[in-house]
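Colleague: Here you go, this is run21.cif (mmCIF, C-alpha atoms).
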data_query
#
loop_
_atom_site.label_atom_id
_atom_site.label_comp_id
_atom_site.auth_asym_id
_atom_site.auth_seq_id
_atom_site.Cartn_x
_atom_site.Cartn_y
_atom_site.Cartn_z
CA MET X 1 164.50 184.44 213.91
CA GLN X 2 161.83 187.10 214.07
CA GLU X 3 164.25 189.41 215.88
CA VAL X 4 166.83 189.01 213.12
CA VAL X 5 164.23 189.63 210.46
CA GLY X 6 162.84 192.50 212.42
CA GLY X 7 166.34 193.92 212.74
CA GLN X 8 166.97 193.58 209.01
CA ARG X 9 163.83 195.40 207.92
CA PRO X 10 164.86 198.85 209.22
CA SER X 11 168.30 198.48 207.61
CA LEU X 12 166.71 197.48 204.30
CA ASN X 13 164.34 200.42 204.49
CA LYS X 14 167.22 202.78 205.21
CA THR X 15 169.17 201.36 202.28
CA PHE X 16 166.18 201.76 199.98
CA ASP X 17 165.59 205.33 201.16
CA ALA X 18 169.26 206.21 200.68
CA LEU X 19 169.24 204.72 197.17
CA ARG X 20 166.02 206.55 196.31
CA ARG X 21 167.42 209.88 197.51
CA ALA X 22 170.64 209.27 195.60
CA LEU X 23 168.64 208.75 192.43
CA SER X 24 166.20 211.57 193.16
CA PRO X 25 167.14 214.57 195.32
CA THR X 26 163.44 215.16 196.05
CA GLY X 27 162.98 211.61 197.35
CA ASN X 28 160.12 210.97 194.91
CA THR X 29 159.84 207.31 193.94
CA GLY X 30 158.65 208.09 190.41
CA ASP X 31 161.58 210.41 189.77
CA ALA X 32 163.97 207.77 191.10
CA ILE X 33 162.52 205.13 188.76
CA PHE X 34 162.69 207.50 185.78
CA ARG X 35 166.26 208.46 186.57
CA SER X 36 167.18 204.78 186.96
CA LEU X 37 165.75 204.07 183.50
CA LEU X 38 167.76 206.92 181.99
CA LEU X 39 170.92 205.70 183.72
CA ALA X 40 170.28 202.18 182.43
CA ALA X 41 169.81 203.52 178.88
CA ALA X 42 173.08 205.47 179.09
CA LEU X 43 174.95 202.44 180.45
CA LEU X 44 173.40 200.31 177.72
CA MET X 45 174.99 202.56 175.09
CA LEU X 46 178.39 202.05 176.72
CA VAL X 47 177.83 198.31 176.80
CA ILE X 48 176.87 198.30 173.11
CA VAL X 49 179.98 200.28 172.13
CA GLY X 50 182.19 198.05 174.26
CA THR X 51 180.61 194.93 172.73
CA MET X 52 181.23 196.29 169.23
CA ILE X 53 184.90 196.92 170.07
CA LEU X 54 185.30 193.42 171.51
CA ALA X 55 183.55 191.85 168.51
CA LEU X 56 185.75 193.73 166.03
CA ALA X 57 188.87 192.80 167.98
CA ALA X 58 187.85 189.12 168.14
CA LYS X 59 187.04 188.97 164.42
CA SER X 60 190.30 190.70 163.49
CA ILE X 61 192.55 188.29 165.39
CA PRO X 62 192.70 185.71 162.54
CA SER X 63 193.79 188.35 160.00
CA ILE X 64 196.34 189.77 162.43
CA ARG X 65 197.80 186.29 162.97
CA GLN X 66 197.87 185.66 159.21
CA PHE X 67 199.14 188.99 157.90
CA GLY X 68 200.37 190.81 161.00
CA PHE X 69 200.34 194.60 161.12
CA SER X 70 201.54 194.79 157.52
CA PHE X 71 197.84 195.14 156.72
CA ILE X 72 198.10 198.72 158.00
CA THR X 73 201.45 199.58 156.46
CA GLY X 74 201.11 197.67 153.17
CA ARG X 75 200.33 199.49 149.92
CA GLU X 76 199.31 196.59 147.67
CA TRP X 77 195.76 195.24 147.54
CA ASN X 78 195.70 192.08 145.47
CA PRO X 79 193.32 189.36 146.74
CA VAL X 80 194.57 186.94 144.07
CA LYS X 81 198.06 186.99 145.60
CA SER X 82 196.68 187.33 149.17
CA GLU X 83 198.18 190.80 149.48
CA PHE X 84 196.08 193.15 151.56
CA GLY X 85 197.49 196.58 152.31
CA ALA X 86 195.14 199.22 153.70
CA LEU X 87 197.55 202.17 153.86
CA PRO X 88 196.17 203.91 150.71
CA PHE X 89 192.63 203.64 152.09
CA ILE X 90 193.68 204.97 155.50
CA TYR X 91 195.59 207.83 153.88
CA GLY X 92 192.64 208.71 151.63
CA THR X 93 190.22 208.68 154.55
CA ILE X 94 192.39 210.96 156.69
CA VAL X 95 193.21 213.44 153.91
CA SER X 96 189.64 213.68 152.61
CA SER X 97 188.39 214.21 156.18
CA LEU X 98 190.94 217.00 156.74
CA ILE X 99 189.88 218.66 153.48
CA ALA X 100 186.25 218.41 154.56
CA LEU X 101 187.01 220.00 157.93
CA MET X 102 189.03 222.81 156.33
CA ILE X 103 186.04 223.66 154.16
CA SER X 104 183.13 222.96 156.49
CA VAL X 105 184.36 224.47 159.77
CA PRO X 106 184.77 228.09 158.52
CA LEU X 107 181.60 227.78 156.45
CA SER X 108 179.61 226.38 159.37
CA LEU X 109 180.91 229.06 161.76
CA GLY X 110 179.94 231.77 159.30
CA ILE X 111 176.45 230.32 158.82
CA ALA X 112 175.88 229.91 162.55
CA ILE X 113 177.13 233.40 163.46
CA PHE X 114 175.04 234.97 160.70
CA LEU X 115 171.87 233.14 161.76
CA VAL X 116 172.35 233.90 165.47
CA GLU X 117 173.79 237.43 165.37
CA GLN X 118 172.88 239.12 162.11
CA ALA X 119 169.97 237.52 160.26
CA PRO X 120 166.44 238.75 160.97
CA ALA X 121 163.92 236.18 162.14
CA ARG X 122 162.05 236.09 158.82
CA LEU X 123 165.29 235.15 157.06
CA ALA X 124 166.90 233.00 159.78
CA ARG X 125 164.07 230.46 159.87
CA PRO X 126 164.04 229.50 156.16
CA VAL X 127 167.83 229.52 155.93
CA THR X 128 168.07 227.29 159.01
CA PHE X 129 165.50 224.94 157.50
CA VAL X 130 167.41 224.70 154.21
CA VAL X 131 170.74 224.10 155.96
CA GLU X 132 169.29 221.40 158.21
CA LEU X 133 167.55 219.84 155.23
CA LEU X 134 170.97 218.98 153.80
CA ALA X 135 171.47 216.54 156.67
CA ALA X 136 168.38 214.58 155.58
CA ILE X 137 169.72 213.83 152.10
CA PRO X 138 171.03 210.23 151.87
CA SER X 139 174.75 209.77 151.35
CA VAL X 140 174.05 207.77 148.18
CA VAL X 141 172.49 210.86 146.62
CA TYR X 142 175.58 212.89 147.53
CA GLY X 143 177.77 210.21 145.96
CA LEU X 144 175.82 210.15 142.70
CA TRP X 145 175.79 213.93 142.58
CA GLY X 146 179.53 213.96 143.11
CA ILE X 147 180.18 211.43 140.33
CA PHE X 148 177.89 212.85 137.65
CA ILE X 149 177.90 216.60 138.40
CA LEU X 150 180.67 217.70 140.73
CA ALA X 151 183.47 215.52 139.32
CA PRO X 152 183.06 216.68 135.68
CA PHE X 153 182.88 220.30 136.83
CA LEU X 154 186.08 219.99 138.87
CA ARG X 155 187.83 218.12 136.06
CA VAL X 156 187.19 220.87 133.54
CA HIS X 157 187.12 224.13 135.51
CA VAL X 158 188.88 223.68 138.87
CA GLU X 159 191.55 221.00 138.88
CA PRO X 160 193.58 222.19 135.83
CA PRO X 161 194.40 225.62 137.34
CA LEU X 162 194.97 224.04 140.76
CA GLN X 163 197.42 221.57 139.25
CA HIS X 164 199.13 224.39 137.36
CA TRP X 165 199.69 226.50 140.48
CA PHE X 166 199.91 223.81 143.18
CA GLY X 167 201.21 220.85 141.21
CA TRP X 168 204.08 220.47 143.67
CA LEU X 169 201.57 219.18 146.25
CA PRO X 170 200.81 215.43 146.19
CA LEU X 171 197.10 216.26 146.25
CA PHE X 172 197.20 217.83 142.79
CA GLN X 173 199.66 215.49 141.10
CA GLY X 174 198.80 212.80 138.56
CA PRO X 175 196.18 212.67 135.80
CA ILE X 176 193.14 214.89 136.10
CA THR X 177 190.06 212.71 136.40
CA GLY X 178 187.77 214.76 138.65
CA ILE X 179 187.38 211.81 141.01
CA GLY X 180 189.82 212.08 143.87
CA LEU X 181 190.49 213.38 147.34
CA LEU X 182 189.36 216.93 146.52
CA THR X 183 185.98 215.74 145.25
CA SER X 184 185.41 213.45 148.22
CA GLY X 185 186.50 216.20 150.61
CA ILE X 186 184.01 218.66 149.13
CA ILE X 187 181.19 216.12 149.34
CA LEU X 188 182.04 215.31 152.96
CA ALA X 189 182.17 219.03 153.75
CA ILE X 190 178.64 219.50 152.41
CA MET X 191 177.45 216.51 154.43
CA VAL X 192 178.90 217.66 157.78
CA THR X 193 178.19 221.39 157.42
CA PRO X 194 174.57 221.10 158.73
CA ILE X 195 175.75 219.17 161.79
CA ILE X 196 178.57 221.55 162.67
CA SER X 197 176.42 224.65 162.12
CA ALA X 198 173.64 223.20 164.30
CA VAL X 199 176.10 222.51 167.13
CA VAL X 200 177.59 226.00 166.87
CA ARG X 201 174.12 227.59 166.88
CA ASP X 202 173.32 225.76 170.10
CA VAL X 203 176.61 226.84 171.69
CA LEU X 204 176.52 230.52 170.69
CA PRO X 205 173.47 231.87 172.61
CA PRO X 206 175.04 231.62 176.12
CA PHE X 207 178.02 233.62 174.83
CA GLN X 208 175.95 236.02 172.76
CA VAL X 209 176.51 239.69 173.53
CA PRO X 210 173.24 241.36 174.62
CA SER X 211 171.72 243.65 172.02
CA VAL X 212 171.96 246.65 174.39
CA LYS X 213 175.74 246.29 174.60
CA GLN X 214 175.97 245.79 170.85
CA HIS X 215 174.11 249.05 170.29
CA SER X 216 176.37 250.84 172.76
CA ARG X 217 179.38 249.54 170.86
CA TRP X 218 178.01 250.79 167.54
CA ALA X 219 176.94 254.18 168.89
CA PRO X 220 180.40 255.87 169.01
CA ARG X 221 180.96 254.93 165.38
CA SER X 222 177.71 256.53 164.32
CA GLY X 223 178.28 259.68 166.40
CA LYS X 224 175.20 259.03 168.56
CA GLN X 225 174.95 258.51 172.26
CA PRO X 226 173.80 255.05 173.34
CA GLU X 227 170.25 254.87 174.61
CA TRP X 228 169.65 252.71 177.65
CA SER X 229 166.25 251.42 178.65
CA TRP X 230 165.44 249.69 181.88
#
Let me see whether you can do it: turn the structure in this file into structure tokens.

Modeller:
Amino acid sequence: MQEVVGGQRPSLNKTFDALRRALSPTGNTGDAIFRSLLLAAALLMLVIVGTMILALAAKSIPSIRQFGFSFITGREWNPVKSEFGALPFIYGTIVSSLIALMISVPLSLGIAIFLVEQAPARLARPVTFVVELLAAIPSVVYGLWGIFILAPFLRVHVEPPLQHWFGWLPLFQGPITGIGLLTSGIILAIMVTPIISAVVRDVLPPFQVPSVKQHSRWAPRSGKQPEWSW
């Protein structure tokens, strides 16, 4: 029995050493434990997302059995008559998100390129702070601002000329109320602009052209020879 146990100990030690080196290239036990904790945290996020998907699927089975997939394609929402159609809500979500992306992506790219390439440091810091501060504003505040300030402004000054020139589009048809897909798209664009600009600012530096090459590019236009310093 002792021989078997004695034969198992070296194999267990080898397995432990191999696992430790797989988790830490340096073979340090502390690094292996820390990396194991990080791996467990990452796997925990996947488990949480998978659990959420399973929970939503399990809770939606009764409604699917009762109403079928007409819930997605239906247009009527009348709880009194047990009619539940989510197509208008799905359409509004997709269209307002597309409007937000059409507004926020060019704006965010312009802000990020200006802050990384053009703006001096004394101006880039406060502008970056103000842009990132928009992400800290609660969505409820954006909603109230949209209802009481943005919607009346669009109803009076923006939507009438848009309906006059682009009334053939479904987006600008119907009565002018100021509360619609355009308003929600603008609010969503303001909300996601800080996030997109922050991501672009983090991505740009590795692809940023060195200042020496920028100066050499500008030199022929100014009629001066580029100056190189080593």

Colleague: Which residues match the PyMOL selection byres ((chain X and resi 199) around 12) in the file above, as a PDB file with C-alpha atoms, in the frame of the given file?

Modeller:
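Contents of selection.pdb, freshly written:
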ATOM      1  CA  VAL X 105     184.360 224.470 159.770  1.00  0.00           C
ATOM      2  CA  SER X 108     179.610 226.380 159.370  1.00  0.00           C
ATOM      3  CA  LEU X 109     180.910 229.060 161.760  1.00  0.00           C
ATOM      4  CA  ILE X 111     176.450 230.320 158.820  1.00  0.00           C
ATOM      5  CA  ALA X 112     175.880 229.910 162.550  1.00  0.00           C
ATOM      6  CA  ILE X 113     177.130 233.400 163.460  1.00  0.00           C
ATOM      7  CA  GLU X 132     169.290 221.400 158.210  1.00  0.00           C
ATOM      8  CA  VAL X 192     178.900 217.660 157.780  1.00  0.00           C
ATOM      9  CA  THR X 193     178.190 221.390 157.420  1.00  0.00           C
ATOM     10  CA  PRO X 194     174.570 221.100 158.730  1.00  0.00           C
ATOM     11  CA  ILE X 195     175.750 219.170 161.790  1.00  0.00           C
ATOM     12  CA  ILE X 196     178.570 221.550 162.670  1.00  0.00           C
ATOM     13  CA  SER X 197     176.420 224.650 162.120  1.00  0.00           C
ATOM     14  CA  ALA X 198     173.640 223.200 164.300  1.00  0.00           C
ATOM     15  CA  VAL X 200     177.590 226.000 166.870  1.00  0.00           C
ATOM     16  CA  ARG X 201     174.120 227.590 166.880  1.00  0.00           C
ATOM     17  CA  ASP X 202     173.320 225.760 170.100  1.00  0.00           C
ATOM     18  CA  VAL X 203     176.610 226.840 171.690  1.00  0.00           C
ATOM     19  CA  LEU X 204     176.520 230.520 170.690  1.00  0.00           C
ATOM     20  CA  PRO X 205     173.470 231.870 172.610  1.00  0.00           C
TER      21      PRO X 205
END

Colleague: Give me, please, the distance in Å between atom CA of Gly85 of chain X and atom CA of Phe67 of chain X, quoted to one decimal.

Modeller: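 Result for atom CA of Gly85 of chain X versus atom CA of Phe67 of chain X: 9.6 Å, one decimal.
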
Colleague: Take atom CA of Leu171 of chain X and atom CA of Ser97 of chain X and report the distance between them in Å, one decimal.

Modeller: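 One can read the atom CA of Leu171 of chain X to atom CA of Ser97 of chain X distance as 13.4 Å.
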
Colleague: One decimal, Å: what's the distance from atom CA of Ser60 of chain X over to atom CA of Ser139 of chain X, could you say?

Modeller: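 These two atoms are separated by 27.4 Å.
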